[in-house]
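Novice: Could you have a look at this structure, given as structure tokens, before my questions?
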Amino acid sequence: MQIDFQITDGVTLATPDATRLDASTSADLRSALTGRIEAGAHTLILDLSGVSFLDSSALGALIATAKRIGPLGHFGVAGTQPAVARLFALTHMNRVFTLHPSTAEAIARLTA
Amino acid sequence: MTLRTTLLALIGLFGLTLAALATGLAWDNATTYRDSLAQSVQDADRRALAAVLRALAVHDLATAQGLPGDPARIEAAAATAIARFETAQDAETLALLRGIAREQVRKSGPALTPALLRATAGAPALPPGGRLSDPVLLAASALRDLCLLGFLHLAFARARIEARLADLRIEDHNADRDFILFHRSLTAAQTGMAATALRDTPLLSADATGTWAIPASRALSQIAGLYQPAESRLLDSLASGGPDTATLTLWREVSTLVASELAQASDRLDTAVATRLVRALADARNRMVAFAALALIAAALTALGARLALTRIILPHERLRSRLDLLGSTDHAGPALTAPCAPDMAALHRIVDDLSQTAGRRARMQAELARLGDRVVSDNRQMTADLEAAARVQRAQLPVAPLRFPGGMFHAFFRPSRVVAGDTYDCVTLPDGRSRIFQIDVSGHGAPAALVSIASHIALKQALLAAAPAEPMAAIIARINRNWAEDLPYFTLLAVEIDPAAARAHIVQCGHPPLVRLSAAGGLEPLGDGGLPIGVLPDASFTTLDCPFRPGDRLVLATDGVTETADPDGGMFGDTRFRDILAHHATRPVPTLFDRLERALWDWRGSEILEDDITILVLESI
């Protein structure tokens, strides 16, 4: 799995090229995202518009990323598909990270 | 040993043998040649001496008869004899000849030189090895010498008797007596030697010398047979006053005849011996040269064989061995190779290097692989054993289902995807009759999830059992969440408290799929809108849901492994199918429900290998 990172106005946009984020990719996802934070990123958006499935392991990676970025930074996801959205709703992830409808809206809101 | 080596060795051996044989024969013939040469010299000496003696005898006879002698001829013959006279073939014969010569010289007086005296004085030694090995030559030579001796004897005797007849007086009686004594003994010796010579005559018949052996023998026998009677008659006649003419004439004729025959026999034998000597010399020389040549050829052959063996076998072998030694040594940088074999040896060198390096690498690699393999097998065995131990611990945590609790029955369907599971559950009953059932799903899989699962199980069970009876379950769970180590994996939890007295269930949902309530009336109802998992936010609070739990009601708790079971194309089994099956078999016995669910899942999955643990708990109200 590759993750494409783009920085727009101080917002780092991470776009994974996988449609499934599960146990086989969660370690990579976690290290890639936390690695960015270590490298200085404090506003991070994960584009999930291409992800149709996300399991508890991948959720663990997102939780770890949210914990790593801390209360002063910002971690959000954008463009979630229904199944992923249901999982986030089930686990109340809106309390852990921000759910944006789309990357454009996320960037617009964060750079406003 | 190759054929070539064998052939070379045989050639060398043959050459050596031939060379040795030819050298031996050449040496033998050289010896023969040397002997023949020496004998020729001796024979020439003897002939010279014989000539001197014969000249002396003739001179003596002429003097006795009052005829003029020929001193010049005697001198010349003597000079030749002196110049070459060194050895004689037979010491006895020589001594005899020398005695006669000495007598003749004494008789000849001062006319003869002191040189001749010197020549006849003393007995010269025979040279070692100078004796002829040819028996024919020996016999012929001996016969010749006897003939000469007989001639000299006859001439000597005749000269003495002629001298007596000349003056008809014997002045020196002692001399006469000595002469007669000498003469008789000489005649006896002559007769004995003649017998010996005649005995050897058959030996000569096979040779050209034999032609002359028979006349010589006859001439010798005539000394005793013809001359001796005539001489005896003459001497008797002399003793009786004066010799009669007939007796004197007979004696002279007989003596002349016998002397002449002896001289002829001697001369012929002389020639024959000389011829034979020359021939023997030539033969010996030819054989010597031939065998020497053969020895040379054989030696050359041997040398060639040795050289071939050296250049074709030994030297290449030595070079090869030294190169191999060089290759075998650790220091591969040897001395410069000789030009002809350098490329080959260099190539061989490289191959050996490559082979040894490759072999070393392969050996190391194999050893490493073997070690790793052993390590993996051993580690794997250990890990499997550890996991199985962990699994046993984990299984021991689980209640034996079905389990009766106050107001209901606890059923469990548990299919871990691996040896150890991230899913766990339990059912505990409080002293006041309430029962608390929980289902945990730790994020992730395998050993870490299993360890967290065990830990969370223990923590939750202890908390649920030890909490104050009045403390709400949500508060207990919040406390656990608060104390949950931040760096541990989170887990989802669904906890149900059954209050049989109130026939109600209290539900706390922490990130877990909703509880499904199958009412006795036939309805299916998912309960709860989620909640934060445990271990995500320390300050999280949890809500409690309530629902009736009346006889016939069933509460179903399932981990997400059920709905997330994927078919080969990745399609999810999903909530809908799950709830349809639950609804369809809502009134069937729970084991039947589980069986239907399992079959549906396996059919969907297409395999019994699961990606995630599957746990379904059913609380059946009784």
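We name chains A, B, ... following the order of the structure tokens; residues begin at 1 in each chain, and ligands are numbered from 1 as shown.
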Stretch 34-47 of chain A: which residues within 10 Å, counting only C-alpha atoms, same-chain residues fewer than 4 positions away excluded, as a PyMOL selection string?

Specialist: chain A and resi 3-7+9-17+28-30+51+61-62+64-70+72-80+97-100+102-103+106-107+110

Novice: Against chain B, which residues of chain A fall within 6 Å? For each one I want the closest pair of atoms and the distance in Å (one decimal), counting only C-alpha atoms, rows by chain and increasing residue number, as JSON lines.

Specialist:
```
{"residue": "A:Ser56", "atom": "CA", "partner": "B:Ser443", "partner_atom": "CA", "distance": 5.1}
{"residue": "A:Ser57", "atom": "CA", "partner": "B:Gly444", "partner_atom": "CA", "distance": 4.8}
{"residue": "A:Leu90", "atom": "CA", "partner": "B:Gly530", "partner_atom": "CA", "distance": 4.0}
{"residue": "A:Thr91", "atom": "CA", "partner": "B:Gly511", "partner_atom": "CA", "distance": 3.9}
{"residue": "A:His92", "atom": "CA", "partner": "B:Leu532", "partner_atom": "CA", "distance": 5.1}
```

Novice: Please report, as a list in words, each residue of chain A to which DSSP assigns strand (DSSP E) when run on this structure's backbone.

Specialist: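 Residues meeting the strand (DSSP E) criterion: Ile3, Asp4, Phe5, Gln6, Ile7, Thr8, Val11, Thr12, Leu13, Ala14, Thr15, Pro16, Arg20, Leu21, Thr43, Leu44, Ile45, Leu46, Asp47, Phe53, Leu54, His74, Phe75, Gly76, Val77, Ala78, Thr98, Leu99 and His100 of chain A.
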
Novice: If you count only C-alpha atoms, which residues fall within 10 Å of B:Leu403, apart from same-chain ones fewer than 4 positions away, as a compact mmCIF listing (two decimals) with C-alpha atoms, in the first residue's frame?

Specialist:
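around_26.txt was written with the following content:
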```txt
# COMPACT_ATOMS: atom_id res chain seq x y z
CA PRO B 399 -17.48 -20.42 30.70
CA GLY B 408 -31.88 -17.60 31.63
CA MET B 409 -29.57 -19.78 29.65
CA PHE B 410 -26.21 -18.75 28.27
CA HIS B 411 -25.19 -20.11 24.83
CA ALA B 412 -21.90 -19.50 23.09
CA CYS B 427 -20.94 -14.88 32.28
CA LEU B 619 -28.95 -15.19 26.22
```

Novice: May I ask for the distance between atom CA of B:Val273 and atom CA of B:Ser141, given in Å to one decimal place?

Specialist: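 If I compute the distance from atom CA of B:Val273 to atom CA of B:Ser141, I get 6.5 Å.
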
Novice: What separation in Å, quoted to one decimal, exists between atom CA of B:Gln222 and atom CA of B:Val258?

Specialist: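 It comes out at 6.4 Å.
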
Novice: Calculate how many Å separate atom CA of B:Leu277 from atom CA of B:Asn29, rounding to one decimal.

Specialist: 14.2 Å
